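Comments concern the structure below.
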Amino acid sequence: MAPPLAESHSLEKKHLTKEEFQRRIRNGQSLIIYNKKVYRLDKWIKYHPGGSLAIQHMVGKDATDEINAFHPSNVYQKQIHNFYIAEYSENNLKATQEQKTIELAYQRLEGKIQKNNLYKCNYINYAYECSRYILLITIAWVLLLYGTSTMHYMTSAFFLGAFWHQLAFTAHDAGHNGITHNLLVDSLIGIFLANFCGGLSIGWWKRSHYVHHIVTNDPEHDPDIQHLPFFAVSTKFVENIYSSYYKRTLPFDGFAKFFIPFQHYLYYPVLCFGRFNLYFLSIHHLSTSDHAPFRKLESIGMIFFGVWFSYMLSYLPSWKLIIAYILISHMVTMILHVQITLSHFGMSTEVLGPEEPFPAKMMRTSMDVDCPWWMDWFHGGLQYQVIHHLFPRVPRHNLRACQPFVREFCKETGITYNIYGFVKGNEVVLSALKDIANQVELLSRVAKSHGERHFPCD
């Protein structure tokens, strides 16, 4: 069911024309449109729980679908009205009949999700998962404390990696404020799971992940596909593009020119070391970010992680075993990085502009992974990334139940539903990486044949 329209706090409603709206944007005002009403977020943007960048990507645009998708009803029914300034007088926000059809169908789809109580969280699922987490970490400790052989120690490392892998799914829910739906409580749960237990910053993850949801697969803006020099999922990366997230140019330098032609071979080996990069990004966020609401607690959590993990390693009898333990425990989490990148690396990276309806963009840039229900624990329920991107607040345990309604939506609108089995999904990603690698190699040969020092820009 679509949320009610925002209500003005003024008896006399002021109207902004499209020209006036755009003029104010050019003058630096942070204005968004929600349900044909204009809101000014200049003073509040830096306090946004999801980070300022997520809002900045919506400045000057109709953010109705994004606000409805990412926020509980009290935000768009009450809190947002504190920032209301005028009515938007442009009537044709959604220009074409196709766009209107998709928007109306998406509203009906959301109504079905509401009607079937799929936004409600079943906490029994978390009880099962907590039992699994406790079992995994207990096995890791027991094998380490009482082990007498290399096999015991390496098996312990495997179970520790499995613990981190599984833990990430619940940390994800907490980051989306999807467990208790209380911002403070879910933030504390996320800090305990991510920082104290996993050594990663939940604050960094939220800032990055919310941007990813808003600008999915946009080469210039989505940090989840900006992985030079090892991966390029679009030929745009050869142009030394500027990353709005990292606030720097992503150079297609000598390292990138060396690695990218082989990226389809390097995909799995590089992801084996992905967690080490997450440590760096977490530390960088907590030490440099202007907005880190729980900076001290998160830092304490990461220090605590370093202490208890070092304490584990102290039980190993040699440096060779310590290094092997670190590598195996971290390489086990490679499967999580595959699961994350699988849903987007093989999908479209075109930027079709603000006229593209929110649900159409989410379905174009995401892929679901089909698997039997008894494998949901392995994928954490997040194999349904298309559905998750359409409805980020739906608990991941309910995403499978949403699938029939999404299929109906696709049939009604004619939008393609990208869904593959796990093996086929990997083939799609590897094929996409190979295609980009071949194009980059061709560009390199053309450049060399013309005696150019750099790749040409479009």
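Naming works like this for the structure tokens: A, B, ... for the chains as they're shown, residue 1 at the start of each chain, ligands 1 onward in shown order.
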message = Would you pick out the contacts of range 289-305 of chain A at 12 Å or less, using only C-alpha atoms, so that residues sharing its chain but fewer than 6 positions from it are not included, and give the list as a PyMOL selection string?
response = chain A and resi 45-53+164+183-184+187-208+245-246+279-283+311-312
request  = Using backbone DSSP assignments, extract all alpha helix (DSSP H) residues from range 207-236 of chain A; output them as a list of chain:residue names.
outcome  =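 Reading the DSSP output for range 207-236 of chain A, alpha helix (DSSP H) covers A:Arg207, A:Ser208, A:His209, A:Tyr210, A:Val211, A:His212, A:His213, A:Ile214.
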task = Could you please determine the separation between CA of Lys78 in chain A and CA of His172 in chain A in Å, to one decimal place?
result =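 So the answer is 26.4 Å.
Residues within 9 Å of Phe158 in chain A, counting only C-alpha atoms and excluding same-chain residues fewer than 5 positions away, are Ala140, Tyr153, Phe163, Tyr325, Ile328, Ser329, His330, Met331 and Val332 of chain A.
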A:Ile387, A:Leu266, A:Leu316, A:Ile214 ranked by distance to Ile113 in chain A, top pick (using only C-alpha atoms) =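 Answer, going by the shortest atom-to-atom distance: A:Ile387.
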message = Residues near Ile33 in chain A, anyone? I mean within 6 Å using only C-alpha atoms, not counting same-chain ones fewer than 5 positions away, as a PyMOL selection string.
response = chain A and resi 38+62-63
Range 259-360 of chain A near range 223-229 of chain A within 10 Å: what's each residue's closest atom pair and its distance in Å to one decimal, counting only C-alpha atoms, ordered by chain then ascending residue number, as CSV?
```
residue,atom,partner,partner_atom,distance
A:Phe259,CA,A:Pro229,CA,6.6
A:Ile260,CA,A:Pro229,CA,7.1
A:Gln263,CA,A:Pro229,CA,9.6
A:Ile340,CA,A:Asp224,CA,9.1
A:Thr341,CA,A:Asp224,CA,8.0
A:His344,CA,A:Ile225,CA,8.1
A:Phe345,CA,A:Ile225,CA,7.2
A:Thr349,CA,A:Ile225,CA,9.4
```
remark   = Computed gap from CA of Leu278 in chain A to CA of Leu145 in chain A is 28.0 Å
